[in-house]
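Structure below is run_34.cif: mmCIF, N, CA and C atoms.
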```
data_my_file
#
loop_
_atom_site.label_atom_id
_atom_site.label_comp_id
_atom_site.auth_asym_id
_atom_site.auth_seq_id
_atom_site.Cartn_x
_atom_site.Cartn_y
_atom_site.Cartn_z
N MET A 1 -12.66 -11.07 27.07
CA MET A 1 -11.59 -11.65 27.85
C MET A 1 -12.23 -12.37 29.03
N SER A 2 -11.87 -13.58 29.26
CA SER A 2 -12.37 -14.34 30.39
C SER A 2 -11.21 -14.62 31.34
N ILE A 3 -11.34 -14.14 32.55
CA ILE A 3 -10.28 -14.30 33.54
C ILE A 3 -10.77 -15.25 34.62
N PRO A 4 -10.11 -16.39 34.77
CA PRO A 4 -10.53 -17.32 35.81
C PRO A 4 -10.29 -16.73 37.19
N ASN A 5 -11.28 -16.90 38.07
CA ASN A 5 -11.16 -16.35 39.42
C ASN A 5 -10.92 -17.49 40.38
N ASN A 6 -9.78 -18.17 40.24
CA ASN A 6 -9.47 -19.29 41.11
C ASN A 6 -8.31 -18.96 42.04
N SER A 7 -7.95 -17.69 42.12
CA SER A 7 -6.86 -17.27 42.98
C SER A 7 -7.34 -17.18 44.42
N PRO A 8 -6.63 -17.82 45.36
CA PRO A 8 -7.03 -17.73 46.76
C PRO A 8 -6.61 -16.40 47.39
N PHE A 9 -5.88 -15.58 46.66
CA PHE A 9 -5.37 -14.33 47.19
C PHE A 9 -6.08 -13.15 46.54
N HIS A 10 -6.46 -12.20 47.37
CA HIS A 10 -7.11 -10.99 46.87
C HIS A 10 -6.32 -9.80 47.37
N PHE A 11 -6.34 -8.74 46.60
CA PHE A 11 -5.51 -7.58 46.87
C PHE A 11 -6.32 -6.31 46.74
N VAL A 12 -5.86 -5.27 47.42
CA VAL A 12 -6.37 -3.92 47.25
C VAL A 12 -5.17 -3.07 46.84
N VAL A 13 -5.46 -1.86 46.37
CA VAL A 13 -4.37 -0.95 46.01
C VAL A 13 -4.32 0.18 47.02
N SER A 14 -3.14 0.73 47.20
CA SER A 14 -2.96 1.88 48.09
C SER A 14 -3.78 3.06 47.58
N PRO A 15 -4.30 3.89 48.49
CA PRO A 15 -5.03 5.09 48.05
C PRO A 15 -4.16 5.95 47.14
N GLY A 16 -4.75 6.46 46.08
CA GLY A 16 -4.02 7.32 45.15
C GLY A 16 -3.19 6.59 44.12
N THR A 17 -3.36 5.26 44.03
CA THR A 17 -2.59 4.47 43.05
C THR A 17 -2.99 4.86 41.64
N ARG A 18 -2.00 4.99 40.79
CA ARG A 18 -2.22 5.29 39.37
C ARG A 18 -1.73 4.12 38.53
N ASP A 19 -2.35 3.95 37.37
CA ASP A 19 -1.93 2.87 36.47
C ASP A 19 -0.74 3.34 35.63
N HIS A 20 -0.32 2.51 34.71
CA HIS A 20 0.86 2.80 33.89
C HIS A 20 0.68 4.02 32.97
N ARG A 21 -0.57 4.45 32.78
CA ARG A 21 -0.83 5.63 31.95
C ARG A 21 -1.04 6.90 32.77
N GLY A 22 -1.01 6.74 34.11
CA GLY A 22 -1.17 7.91 34.97
C GLY A 22 -2.57 8.15 35.49
N PHE A 23 -3.52 7.28 35.13
CA PHE A 23 -4.90 7.42 35.59
C PHE A 23 -5.08 6.75 36.95
N PHE A 24 -5.95 7.33 37.78
CA PHE A 24 -6.22 6.73 39.08
C PHE A 24 -6.92 5.39 38.92
N VAL A 25 -6.57 4.44 39.78
CA VAL A 25 -7.16 3.11 39.80
C VAL A 25 -8.32 3.13 40.79
N GLN A 26 -9.46 2.56 40.40
CA GLN A 26 -10.62 2.57 41.29
C GLN A 26 -10.43 1.62 42.46
N ASP A 27 -11.06 1.96 43.58
CA ASP A 27 -11.00 1.12 44.78
C ASP A 27 -11.72 -0.19 44.52
N GLY A 28 -11.28 -1.24 45.19
CA GLY A 28 -11.92 -2.54 45.07
C GLY A 28 -10.94 -3.64 45.42
N THR A 29 -11.43 -4.86 45.35
CA THR A 29 -10.61 -6.04 45.62
C THR A 29 -10.21 -6.65 44.28
N TYR A 30 -8.94 -6.81 44.08
CA TYR A 30 -8.39 -7.27 42.80
C TYR A 30 -7.77 -8.65 42.91
N ASP A 31 -7.67 -9.31 41.78
CA ASP A 31 -6.87 -10.52 41.65
C ASP A 31 -5.58 -10.12 40.95
N LEU A 32 -4.46 -10.55 41.51
CA LEU A 32 -3.16 -10.31 40.88
C LEU A 32 -2.91 -11.45 39.91
N LEU A 33 -2.87 -11.13 38.63
CA LEU A 33 -2.71 -12.18 37.62
C LEU A 33 -1.25 -12.48 37.32
N ARG A 34 -0.42 -11.43 37.29
CA ARG A 34 0.99 -11.67 37.02
C ARG A 34 1.76 -10.36 37.21
N VAL A 35 3.07 -10.49 37.29
CA VAL A 35 3.96 -9.34 37.27
C VAL A 35 4.78 -9.48 35.99
N GLU A 36 4.70 -8.48 35.15
CA GLU A 36 5.36 -8.50 33.85
C GLU A 36 6.88 -8.34 34.01
N GLU A 37 7.62 -8.74 33.00
CA GLU A 37 9.07 -8.56 33.00
C GLU A 37 9.44 -7.08 33.10
N SER A 38 8.56 -6.22 32.63
CA SER A 38 8.80 -4.78 32.68
C SER A 38 8.67 -4.24 34.11
N GLY A 39 8.09 -5.06 35.02
CA GLY A 39 7.96 -4.65 36.40
C GLY A 39 6.56 -4.26 36.82
N TRP A 40 5.63 -4.13 35.87
CA TRP A 40 4.25 -3.76 36.20
C TRP A 40 3.47 -4.98 36.66
N ALA A 41 2.63 -4.80 37.68
CA ALA A 41 1.73 -5.85 38.14
C ALA A 41 0.43 -5.73 37.36
N PHE A 42 -0.08 -6.83 36.83
CA PHE A 42 -1.34 -6.84 36.10
C PHE A 42 -2.42 -7.34 37.04
N ILE A 43 -3.36 -6.44 37.40
CA ILE A 43 -4.42 -6.77 38.35
C ILE A 43 -5.78 -6.58 37.69
N CYS A 44 -6.76 -7.40 38.11
CA CYS A 44 -8.09 -7.29 37.54
C CYS A 44 -9.13 -7.24 38.63
N LEU A 45 -10.09 -6.32 38.46
CA LEU A 45 -11.22 -6.18 39.37
C LEU A 45 -12.29 -7.19 39.01
N ASP A 46 -12.50 -7.38 37.72
CA ASP A 46 -13.47 -8.35 37.19
C ASP A 46 -13.02 -8.69 35.77
N ASN A 47 -13.93 -9.24 34.98
CA ASN A 47 -13.57 -9.64 33.61
C ASN A 47 -13.36 -8.47 32.66
N HIS A 48 -13.72 -7.25 33.09
CA HIS A 48 -13.66 -6.10 32.19
C HIS A 48 -12.74 -4.98 32.66
N VAL A 49 -12.37 -4.98 33.93
CA VAL A 49 -11.58 -3.88 34.48
C VAL A 49 -10.24 -4.42 34.97
N CYS A 50 -9.19 -4.07 34.24
CA CYS A 50 -7.84 -4.51 34.59
C CYS A 50 -6.88 -3.33 34.47
N TYR A 51 -5.80 -3.40 35.23
CA TYR A 51 -4.83 -2.32 35.24
C TYR A 51 -3.41 -2.89 35.34
N TYR A 52 -2.45 -2.11 34.85
CA TYR A 52 -1.04 -2.33 35.13
C TYR A 52 -0.66 -1.29 36.19
N VAL A 53 -0.15 -1.75 37.33
CA VAL A 53 0.21 -0.84 38.42
C VAL A 53 1.58 -1.21 38.97
N ASP A 54 2.14 -0.30 39.74
CA ASP A 54 3.40 -0.56 40.44
C ASP A 54 3.12 -1.62 41.51
N PRO A 55 3.85 -2.72 41.53
CA PRO A 55 3.61 -3.78 42.52
C PRO A 55 3.70 -3.31 43.97
N GLU A 56 4.43 -2.23 44.22
CA GLU A 56 4.53 -1.72 45.58
C GLU A 56 3.21 -1.13 46.08
N ASN A 57 2.28 -0.85 45.17
CA ASN A 57 0.97 -0.30 45.54
C ASN A 57 -0.09 -1.38 45.74
N VAL A 58 0.29 -2.64 45.59
CA VAL A 58 -0.65 -3.76 45.72
C VAL A 58 -0.48 -4.36 47.12
N LEU A 59 -1.58 -4.40 47.87
CA LEU A 59 -1.56 -4.87 49.25
C LEU A 59 -2.47 -6.08 49.39
N GLU A 60 -1.95 -7.16 49.99
CA GLU A 60 -2.75 -8.38 50.16
C GLU A 60 -3.83 -8.18 51.22
N VAL A 61 -5.01 -8.69 50.92
CA VAL A 61 -6.12 -8.67 51.87
C VAL A 61 -6.10 -10.00 52.58
N CYS A 62 -6.06 -9.97 53.91
CA CYS A 62 -6.07 -11.21 54.68
C CYS A 62 -7.45 -11.83 54.63
N PRO A 63 -7.54 -13.12 54.25
CA PRO A 63 -8.86 -13.78 54.22
C PRO A 63 -9.39 -13.94 55.63
N LEU A 64 -10.71 -13.89 55.75
CA LEU A 64 -11.35 -14.10 57.04
C LEU A 64 -11.29 -15.57 57.40
N ASP A 65 -11.05 -15.85 58.66
CA ASP A 65 -11.05 -17.23 59.12
C ASP A 65 -12.47 -17.75 59.11
N GLU A 66 -12.67 -18.87 58.45
CA GLU A 66 -14.01 -19.46 58.38
C GLU A 66 -14.01 -20.70 59.24
N ASP A 67 -14.78 -20.67 60.31
CA ASP A 67 -14.87 -21.81 61.22
C ASP A 67 -16.14 -22.57 61.00
#
```
So that I can check it, write out the structure of this file as structure tokens.
Amino acid sequence: MSIPNNSPFHFVVSPGTRDHRGFFVQDGTYDLLRVEESGWAFICLDNHVCYYVDPENVLEVCPLDED
């Protein structure tokens, strides 16, 4: 699976976030790819690690100002 990393927005998950199967999601900075009709947010850490999580557990990371 190849996931383009052209999103200007990056996200982290709340501590203790679990995926749709009940497993804990690892810490890191994710790209939010989409929110499914079922209500799950599909997030990816890289090309190999992706999760479906509750969108309420996804928090936007503010980009650093680059001068």
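Once region 51-60 of chain A and its same-chain neighbours fewer than 6 positions away are set aside, A:His10, A:Phe11, A:Val12, A:Val13, A:Ser14, A:Asp19, A:His20, A:Trp40, A:Ala41, A:Phe42, A:Ile43 remain within 5 Å of it when counting only N, CA and C atoms.
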Which residue gives the smallest distance to Leu45 (chain A) among A:Arg18, A:Gly28, A:Phe9, A:Val61, with only N, CA and C atoms counted? A:Gly28
Decode the PyMOL selection byres ((chain A and resi 31) around 5) for the given file into explicit residues and return them as a ChimeraX atom specification. /A:29-30,32-33,43-44
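When CA of Phe24 (chain A) is paired with atom N of Glu37 (chain A), their separation reads 21.6 Å.
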Atom N of Val49 (chain A) sits from CA of Gly22 (chain A) at a separation of 17.1 Å
Work out how far apart atom C of Asp27 (chain A) and CA of His48 (chain A) are and give it in Å to one decimal. 13.8 Å
